[in-house]
Every structure is written in structure tokens, then in C-alpha cells.
Amino acid sequence: MDNFPIFLRLRGEKVLLIGGGGVAERKLRLLLKAGAQVDVVATELNDAVKQMLPDPSWHIAQQYETELLTTPYRIIIAATDDGELNQRVAHDAGQRNIPVNVVDDPKHCSFIFPSILDRSPLLLAVSSGGEAPVLARQTRARLETFVPAAWGDLAQLTSRYRETVKSRLPEKLRRRFWEEVCEGPIGEQMLAGRKSEAEQALLDLLNAYSQDQKYQKGEVWLVGAGPGDPDLLTFRALRLMQNCDVVLYDRLVAPAVMELVRRDADRIYVGKKEAEHVVPQDEINQMLIDLAKEGKRVLRLKGGDPFIFGRGGEEIDRLAENDIPFQVVPGITSASGCSSYAGIPLTHRDYAQSCQFVTGHMKDDVLDLEWQELARPAHTVVFYMGLNSLPEISKQLMAHGAPESRPVALVERGTTSQQRVVTGTLADIAETVIEENVKSPALIIVGDVVELRSRLAWFGQ
Ligand code: SAH
């Protein structure tokens with residue numbers, strides 16, 4: 001990050017603007033909106049600037065002189081078409097540690113103007129640090145379509161009731177209350193221009209929150225984070241990720257996905273690697289219960305889909321026993337994610353009519369599976385947690401009738417930028433995997449469909 005974004009309060013503050021033409025005019029308009037007291041220095045003022053100035057005395061001088069900086073200006077803006085003069089201003093300001101902006105000259109700026117979207121009190125600012133102004137403006141233009149103009153009204157409504165809500169609701173309920181106001185029917189009414197109905201609904205909701213026990217309770221959201229690529233999250237997952245008070249996540253949840261969790265949420269890493277559970281499952285179950293009982297909204301974030309080899313079922317079973325409300329959000333399981341990103345359709349009319357997901361995790365060094373069924377032709381088998389048992393998997397499949405030549409693929413860190421796919425046959429894959437030093441997490445796909453990869457691989461190619 002080359003520039004630190006802040007929003008500066010300028011109401012009633014002194015600002016020096018040098019220049020009186022079109023560029024200065026645009027800056028002046030913004031400064032006046034923000035309530036600044038602007039001293040303008042310019043040989044000439046264009047008509048718009050003249051009209052905008054609340055009083056002619058704001059035009060304090062024709063020529064810029066260093067002495068002007070004895071006034072304690074909050075910021076200085078050099079907006080003349082005289083490059084040398086602009087640089088002199090920047091130099092003088094720099095010496096006095098006053099933030100300075102030289103319009104269209106990032107090299108001489110100590111601060112820059114972002115592209116803004118004003119829905120006051122909601123304000124969105126976008127910047128490329130002056131490196132790609134067109135892209136910044138385009139981003140802003142896109143935001144324009146996302147952020148309806150009426151959000152300004154909604155923001156004003158929340159601003160009016162902030163103090164009342166603060167005095168009536170405990171802190172842990174406030175954010176939840178405001179989210180319900182903004183995301184639910186009240187927000188919709190506001191956007192539809194029904195302001196007084198929205199206001200009444202807000203007051204009703206506030207009463208409900210302060211009286212009804214149901215709002216005081218916490219809950220757990222069991223959410224599938226998908227196999228790694230954050231683009232594969234569902235909208236619901238993303239929304240809950242941004243609303244939670246605390247998140248419990250394991251090793252399989254990709255860092256890029258964690259980036260999207262609300263910044264202020266507490267983060268609890270509960271590890272989980274086959275056979276090396278950082279926090280034992282019982283303890284995780286208990287933590288979920290305890291946190292929810294404290295009234296928190298707990299995000300239980302799991303790699304892939306929580307109901308596929310994720311022990312999600314056990315976790316919510318305990319929640320149900322303890323009468324804790326919960327919801328489950330499916331995620332893209334690694335079999336779907338990895339097969340798509342590896343160019344291996346799990347079924348295909350010419351190669352496989354069925355597909356099975358099985359765990360390759362050994363219990364007491366044994367892999368107790370229906371091998372006969374797994375080895376049958378025109379069938380795809382996906383092994384989760386099978387890296388360590390791969391030699392046993394290939395041996396058993398061949399012993400139960402699968403040909404040595406049946407293709408096998410290993411997808412390591414599927415769907416991420418580090419995805420690697422290693423292919424072979426039942427006869428040689430165990431050896432290849434050692435040679436290639438394949439690491440967990442990796443998914444094993446066995447079946448003739450693997451052959452399609454030679455034509456259909458697309459990701460990272
Ligand atoms: N609930 C998860 C699976 C948990 S079991 C899901 O639906 O995907 C853990 C196993 O999933 C790992 O041992 C590995 O086999 C597989 N896995 C998860 N993410 C993966 C990824 N990005 N790439 C390859 N395999 C992955």
C-alpha cells in the first residue's frame with residue numbers, strides 16, 4: 001500500500017488553494033462541500049470560481065508568496081498551469097510538513113484526491129495512487145451502479161438513530177440490529193422512498209430487540225468455504241462471512257478466503273490435519289456452543305462442503321441438542337472444484353456413468369471399503385484424504401479387477417494458483433507421487449475420465 005487512506009475533517013478548517021481556473025474550480029467545489037474555509041491565490045479567477053466563493057475576501061492574493069504559509073493551513077492544493085510555481089508550493093509545504101497536492105503531478109504530492117462517490121454520510125473513495133486514474137474512475141463508475149442514490153437517505157436515517165440505539169441496546173446487539181435495518185425490509189422501504197414507514201419500522205424493530213429474548217441469542221453458521229479459489233464462494237457464504245462476530249476455521253480454508261471475513265471478527269484457528277487435530281473435535285463442538293451462548297454470531301468455516309467429509313453433521317448435531325439456532329451453507333466440495341479446474345469431468349457418456357466420493361483415511365492402518373464396487377468399469381471414484389493410503393488404494397483396486405492401465409490423477413491444492421495435477425495409472429501412480437513429491441491437500445481421481453484431461457485442461461494452461 002503506497003498511500004494510507006483516511007477521511008479528513010475540514011469543516012471550518014483553513015485550506016490554501018492556488019489557482020483560479022478550471023482545475024482549481026473542481027477542487028474548490030469539493031472543498032466547499034466539506035465545509036472548508038478556502039484561501040484562494042490566483043492572478044485571475046474564472047467566473048465559476050468567482051461565483052462559488054462565499055465572499056470576495058476569500059481571494060486573498062494574486063501572487064503566491066512563501067510568507068502566506070505562516071497561516072496554519074490544514075492542506076494546500078496547487079492547481080495552477082505553471083509547473084514551476086506548483087513545485088515551489090509543494091517544496092514550501094513539504095518544509096512545513098503541511099500536506100500538499102499538486103494536481104495531476106503525483107510526484108510532488110504528499111496526498112492525493114481519490115475518486116469519490118458521495119452518498120453522505122456514506123462516502124466511497126477509490127484511488128490508484130495516481131498510477132491508473134482511468135481505472136479508478138471506472139471502478140467508481142461501477143460502484144455508482146451498485147450503490148443506489150437512496151443509500152444516502154438510509155445512511156442519514158441510521159445516523160439520526162445512532163445515539164438512541166446506543167442507549168437502548170447492548171453493544172453486542174447493535175451491529176446485528178443495524179444490519180437487519182440496512183439489509184432487510186426497512187432498507188428496502190427506504191430505497192423505495194417510503195421514508196416514514198421505514199422510520200416506524202425501525203422503531204418497532206428497536207422495541208423488539210430490546211424486549212424479545214430471541215434477539216439476545218447467538219447462532220452458528222456452518223459455512224462451506226469451497227476448495228480454495230475465493231471466486232467459488234456462494235453469495236450467502238460471503239454475506240455471513242462479513243456479518244460474523246467470530247470465526248472458527250481450519251487448515252483447509254484458503255488464506256484468500258479468510259481475507260474476505262469481516263476484519264473485526266475474532267479469528268480462532270482450530271487446525272485439523274488428518275491425524276493431527278490441533279483442537280480435538282469435542283472441544284470445537286463445545287466452543288461453538290459456548291460462543292453462541294454468549295450471544296455471538298459464530299461462523300464455522302470449513303474447506304469445501306461442510307457435509308462432505310467435514311464432520312459438519314456432528315457439529316450441528318451437538319448444537320441441536322443444546323437448542324442453539326444454526327444454518328448450513330453448502331460449499332463447492334473439492335471433488336467438484338478440483339475436477340473442474342483439472343479438466344476432468346467426473347462423468348461423461350463415453351467414459352463413466354456413475355461417480356463415488358470415498359474417504360481414503362485409514363483407521364488403524366486399514367482401509368475398509370467396498371473394493372469390488374469401486375473397481376467396476378465405467379465408474380469414477382474420488383478419494384478424499386487418500387494421499388497416504390494411495391499405494392493401498394491402487395493395490396486393492398487392481399486386486400478387485402480394475403486394469404493396471406486405469407488412469408489416475410492427483411490434484412494438489414486444487415483451484416488455487418498453486419494447483420498441480422499429476423497423472424498416471426493404477427500401476428505406477430504411487431511411485432510417481434513420491435517422485436513428484438505431491439503434498440496434502442490432494443485429491444485422487446480414479447477412472448477413464450482422467451484421460452479427458454489431455455484435451456480439456458484449461459486452468460493455468
Ligand atoms: N469438506 C471438504 C473435504 C474435507 S476432507 C470438501 O468438501 O472438500 C479433506 C480432504 O479434502 C483433503 O485430504 C483432500 O483430499 C481434499 N481437499 C480439500 N481441499 C482440497 C484442494 N484444494 N485440493 C485438493 N484436495 C483438497
# chains A, B, ... in the order shown; residues from 1 in each chain; ligands from 1
>>> residues_around(residues="Tyr384 (chain A)", least_positions_apart="3", cutoff="6 Å", atoms="only C-alpha atoms", output="PyMOL selection string")
chain A and resi 359-360+443
>>> residues_near_ligand(ligand="ligand 1", cutoff="6 Å", atoms="only C-alpha atoms and all ligand atoms", output="list of chain:residue names")
A:Pro227, A:Gly228, A:Leu252, A:Gly303, A:Gly304, A:Asp305, A:Pro306, A:Ile308, A:Phe309, A:Gly310, A:Thr333, A:Ser334, A:Tyr384, A:Met385, A:Val411, A:Glu412, A:Arg413, A:Gly414, A:Pro441, A:Ala442, A:Leu443
>>> atom_distance(atom1="CA of Asn46 (chain A)", atom2="CA of Thr70 (chain A)")
26.7 Å
>>> atom_distance(atom1="CA of Glu404 (chain A)", atom2="CA of Ala427 (chain A)")
5.0 Å
>>> select_by_dssp(residues="region 113-333 of chain A", states="helix (DSSP H, G or I)", output="ChimeraX atom specification")
/A:133-146,151-168,171-183,185-191,195-211,213-216,230-232,235-241,255-258,281-293,312-321
>>> atom_distance(atom1="CA of Leu123 (chain A)", atom2="CA of Arg297 (chain A)")
27.6 Å
>>> residues_around(residues="region 132-135 of chain A", least_positions_apart="6", cutoff="10 Å", atoms="only C-alpha atoms", output="PyMOL selection string")
chain A and resi 104+114-115+126+141
>>> write_last_selection(atoms="C-alpha atoms", output="PDB file, in the first residue's frame")
ATOM      1  CA  ASP A 104      -2.027  15.872 -11.912  1.00  0.00           C
ATOM      2  CA  PRO A 114      -9.441   9.814  -4.588  1.00  0.00           C
ATOM      3  CA  SER A 115     -12.308   9.414  -6.969  1.00  0.00           C
ATOM      4  CA  VAL A 126     -11.345   4.924  -4.822  1.00  0.00           C
ATOM      5  CA  ALA A 141     -18.487   4.378 -12.072  1.00  0.00           C
TER       6      ALA A 141
END
>>> closest_residue(among="A:Arg140, A:Lys166, A:Arg160, A:Lys27", to="Val102 (chain A)", atoms="only C-alpha atoms")
A:Lys27
>>> closest_residue(among="A:Asp212, A:Glu370, A:Glu392, A:Glu131", to="Ile112 (chain A)", atoms="only C-alpha atoms")
A:Glu131
>>> closest_residue(among="A:Val450, A:Ser336, A:Leu117, A:Ile324", to="Phe146 (chain A)", atoms="only C-alpha atoms")
A:Leu117
>>> closest_residue(among="A:Gln37, A:Ala192, A:Ile116, A:Ile77", to="Pro99 (chain A)", atoms="only C-alpha atoms")
A:Ile77
>>> closest_residue(among="A:Arg29, A:Leu390, A:Ala457, A:Val328", to="Thr432 (chain A)", atoms="only C-alpha atoms")
A:Leu390
>>> select_by_dssp(residues="region 171-317 of chain A", states="strand (DSSP E or B)", output="ChimeraX atom specification")
/A:219-224,226,246-249,266-269,297-302,304
>>> closest_residue(among="A:Ala225, A:Val23, A:Val449, A:Ile76", to="Ala90 (chain A)", atoms="only C-alpha atoms")
A:Ile76
>>> residues_around(residues="Val422 (chain A)", least_positions_apart="2", cutoff="9 Å", atoms="only C-alpha atoms", output="ChimeraX atom specification")
/A:408-412,420,424,429,432-433,436,438
>>> write_last_selection(atoms="C-alpha atoms", output="short mmCIF file (atom, residue, chain, number, x, y, z; two decimals), in the first residue's frame")
data_model
loop_
_atom_site.label_atom_id
_atom_site.label_comp_id
_atom_site.auth_asym_id
_atom_site.auth_seq_id
_atom_site.Cartn_x
_atom_site.Cartn_y
_atom_site.Cartn_z
CA VAL A 408 -5.44 -41.86 -12.05
CA ALA A 409 -4.98 -38.14 -11.34
CA LEU A 410 -3.84 -36.38 -8.20
CA VAL A 411 -4.87 -32.78 -7.83
CA GLU A 412 -2.78 -30.89 -5.32
CA ARG A 420 -0.68 -29.07 -9.64
CA GLY A 424 -0.53 -41.91 -14.14
CA ILE A 429 0.82 -43.66 -9.71
CA THR A 432 5.03 -41.06 -9.48
CA VAL A 433 3.51 -39.32 -6.48
CA GLU A 436 6.82 -35.64 -7.75
CA VAL A 438 2.89 -34.44 -4.01
#
>>> residues_around(residues="region 356-358 of chain A", least_positions_apart="6", cutoff="7 Å", atoms="only C-alpha atoms", output="list of chain:residue names")
A:Thr380, A:Val381, A:Val382, A:Phe383, A:Tyr384
>>> residues_around(residues="Arg300 (chain A)", least_positions_apart="6", cutoff="10 Å", atoms="only C-alpha atoms", output="compact mmCIF listing (two decimals) with C-alpha atoms, in the first residue's frame")
# COMPACT_ATOMS: atom_id res chain seq x y z
CA VAL A 220 -23.87 -20.70 14.45
CA TRP A 221 -23.41 -20.59 10.70
CA LEU A 222 -21.79 -23.68 9.30
CA VAL A 223 -20.38 -22.46 6.02
CA GLY A 224 -18.58 -24.20 3.18
CA ALA A 225 -15.59 -22.18 2.03
CA MET A 241 -18.55 -14.12 6.47
CA CYS A 244 -20.00 -12.78 11.93
CA VAL A 246 -16.15 -14.71 15.49
CA VAL A 247 -14.86 -17.29 13.02
CA LEU A 248 -13.57 -20.82 13.71
CA TYR A 249 -11.65 -22.09 10.72
CA ASP A 250 -9.38 -24.95 9.81
CA ILE A 268 -9.90 -18.88 16.09
CA ILE A 284 -14.59 -27.48 18.77
CA LEU A 288 -19.34 -23.39 19.17
CA PRO A 306 -19.27 -28.90 5.38
CA GLY A 312 -20.28 -30.71 9.89
CA GLU A 315 -21.12 -30.23 14.96
CA VAL A 328 -25.77 -24.57 6.93
>>> decode(residues="region 8-26 of chain A", atoms="N, CA, C and O atoms", output="PDB file, in the first residue's frame")
ATOM      1  N   LEU A   8     -10.495  13.126   5.923  1.00  0.00           N
ATOM      2  CA  LEU A   8     -10.051  14.287   6.694  1.00  0.00           C
ATOM      3  C   LEU A   8     -11.225  15.225   6.982  1.00  0.00           C
ATOM      4  O   LEU A   8     -11.990  15.560   6.082  1.00  0.00           O
ATOM      5  N   ARG A   9     -11.335  15.639   8.254  1.00  0.00           N
ATOM      6  CA  ARG A   9     -12.415  16.561   8.605  1.00  0.00           C
ATOM      7  C   ARG A   9     -11.947  17.982   8.311  1.00  0.00           C
ATOM      8  O   ARG A   9     -10.951  18.435   8.870  1.00  0.00           O
ATOM      9  N   LEU A  10     -12.626  18.674   7.411  1.00  0.00           N
ATOM     10  CA  LEU A  10     -12.153  20.011   7.028  1.00  0.00           C
ATOM     11  C   LEU A  10     -13.130  21.118   7.411  1.00  0.00           C
ATOM     12  O   LEU A  10     -12.883  22.292   7.131  1.00  0.00           O
ATOM     13  N   ARG A  11     -14.260  20.711   8.037  1.00  0.00           N
ATOM     14  CA  ARG A  11     -15.266  21.734   8.355  1.00  0.00           C
ATOM     15  C   ARG A  11     -14.650  22.831   9.222  1.00  0.00           C
ATOM     16  O   ARG A  11     -14.078  22.574  10.275  1.00  0.00           O
ATOM     17  N   GLY A  12     -14.718  24.071   8.727  1.00  0.00           N
ATOM     18  CA  GLY A  12     -14.193  25.217   9.481  1.00  0.00           C
ATOM     19  C   GLY A  12     -12.674  25.332   9.446  1.00  0.00           C
ATOM     20  O   GLY A  12     -12.106  26.231  10.065  1.00  0.00           O
ATOM     21  N   GLU A  13     -12.003  24.434   8.720  1.00  0.00           N
ATOM     22  CA  GLU A  13     -10.536  24.460   8.688  1.00  0.00           C
ATOM     23  C   GLU A  13     -10.031  25.297   7.511  1.00  0.00           C
ATOM     24  O   GLU A  13     -10.678  25.400   6.475  1.00  0.00           O
ATOM     25  N   LYS A  14      -8.849  25.857   7.698  1.00  0.00           N
ATOM     26  CA  LYS A  14      -8.235  26.680   6.653  1.00  0.00           C
ATOM     27  C   LYS A  14      -7.525  25.822   5.607  1.00  0.00           C
ATOM     28  O   LYS A  14      -6.723  24.932   5.957  1.00  0.00           O
ATOM     29  N   VAL A  15      -7.822  26.114   4.356  1.00  0.00           N
ATOM     30  CA  VAL A  15      -7.178  25.399   3.253  1.00  0.00           C
ATOM     31  C   VAL A  15      -6.657  26.447   2.275  1.00  0.00           C
ATOM     32  O   VAL A  15      -7.309  27.470   2.054  1.00  0.00           O
ATOM     33  N   LEU A  16      -5.485  26.200   1.712  1.00  0.00           N
ATOM     34  CA  LEU A  16      -4.959  27.130   0.716  1.00  0.00           C
ATOM     35  C   LEU A  16      -5.064  26.502  -0.671  1.00  0.00           C
ATOM     36  O   LEU A  16      -4.591  25.372  -0.898  1.00  0.00           O
ATOM     37  N   LEU A  17      -5.702  27.236  -1.556  1.00  0.00           N
ATOM     38  CA  LEU A  17      -5.846  26.758  -2.935  1.00  0.00           C
ATOM     39  C   LEU A  17      -5.161  27.755  -3.854  1.00  0.00           C
ATOM     40  O   LEU A  17      -5.512  28.941  -3.866  1.00  0.00           O
ATOM     41  N   ILE A  18      -4.203  27.267  -4.619  1.00  0.00           N
ATOM     42  CA  ILE A  18      -3.513  28.168  -5.531  1.00  0.00           C
ATOM     43  C   ILE A  18      -3.955  27.848  -6.950  1.00  0.00           C
ATOM     44  O   ILE A  18      -3.758  26.714  -7.418  1.00  0.00           O
ATOM     45  N   GLY A  19      -4.570  28.827  -7.581  1.00  0.00           N
ATOM     46  CA  GLY A  19      -5.102  28.626  -8.928  1.00  0.00           C
ATOM     47  C   GLY A  19      -6.547  29.087  -8.964  1.00  0.00           C
ATOM     48  O   GLY A  19      -7.262  28.991  -7.952  1.00  0.00           O
ATOM     49  N   GLY A  20      -6.959  29.584 -10.131  1.00  0.00           N
ATOM     50  CA  GLY A  20      -8.323  30.096 -10.238  1.00  0.00           C
ATOM     51  C   GLY A  20      -9.012  29.650 -11.511  1.00  0.00           C
ATOM     52  O   GLY A  20     -10.051  30.180 -11.889  1.00  0.00           O
ATOM     53  N   GLY A  21      -8.447  28.627 -12.176  1.00  0.00           N
ATOM     54  CA  GLY A  21      -9.027  28.155 -13.438  1.00  0.00           C
ATOM     55  C   GLY A  21      -9.902  26.923 -13.224  1.00  0.00           C
ATOM     56  O   GLY A  21     -10.385  26.656 -12.123  1.00  0.00           O
ATOM     57  N   GLY A  22     -10.077  26.166 -14.299  1.00  0.00           N
ATOM     58  CA  GLY A  22     -10.988  25.021 -14.274  1.00  0.00           C
ATOM     59  C   GLY A  22     -10.594  23.945 -13.267  1.00  0.00           C
ATOM     60  O   GLY A  22     -11.451  23.363 -12.594  1.00  0.00           O
ATOM     61  N   VAL A  23      -9.291  23.681 -13.165  1.00  0.00           N
ATOM     62  CA  VAL A  23      -8.841  22.632 -12.248  1.00  0.00           C
ATOM     63  C   VAL A  23      -9.104  23.064 -10.811  1.00  0.00           C
ATOM     64  O   VAL A  23      -9.651  22.307  -9.995  1.00  0.00           O
ATOM     65  N   ALA A  24      -8.751  24.304 -10.513  1.00  0.00           N
ATOM     66  CA  ALA A  24      -8.966  24.832  -9.161  1.00  0.00           C
ATOM     67  C   ALA A  24     -10.469  24.826  -8.840  1.00  0.00           C
ATOM     68  O   ALA A  24     -10.866  24.521  -7.720  1.00  0.00           O
ATOM     69  N   GLU A  25     -11.243  25.128  -9.856  1.00  0.00           N
ATOM     70  CA  GLU A  25     -12.699  25.186  -9.668  1.00  0.00           C
ATOM     71  C   GLU A  25     -13.261  23.855  -9.141  1.00  0.00           C
ATOM     72  O   GLU A  25     -14.059  23.823  -8.212  1.00  0.00           O
ATOM     73  N   ARG A  26     -12.786  22.754  -9.750  1.00  0.00           N
ATOM     74  CA  ARG A  26     -13.286  21.436  -9.314  1.00  0.00           C
ATOM     75  C   ARG A  26     -12.895  21.131  -7.878  1.00  0.00           C
ATOM     76  O   ARG A  26     -13.667  20.603  -7.087  1.00  0.00           O
TER      77      ARG A  26
END
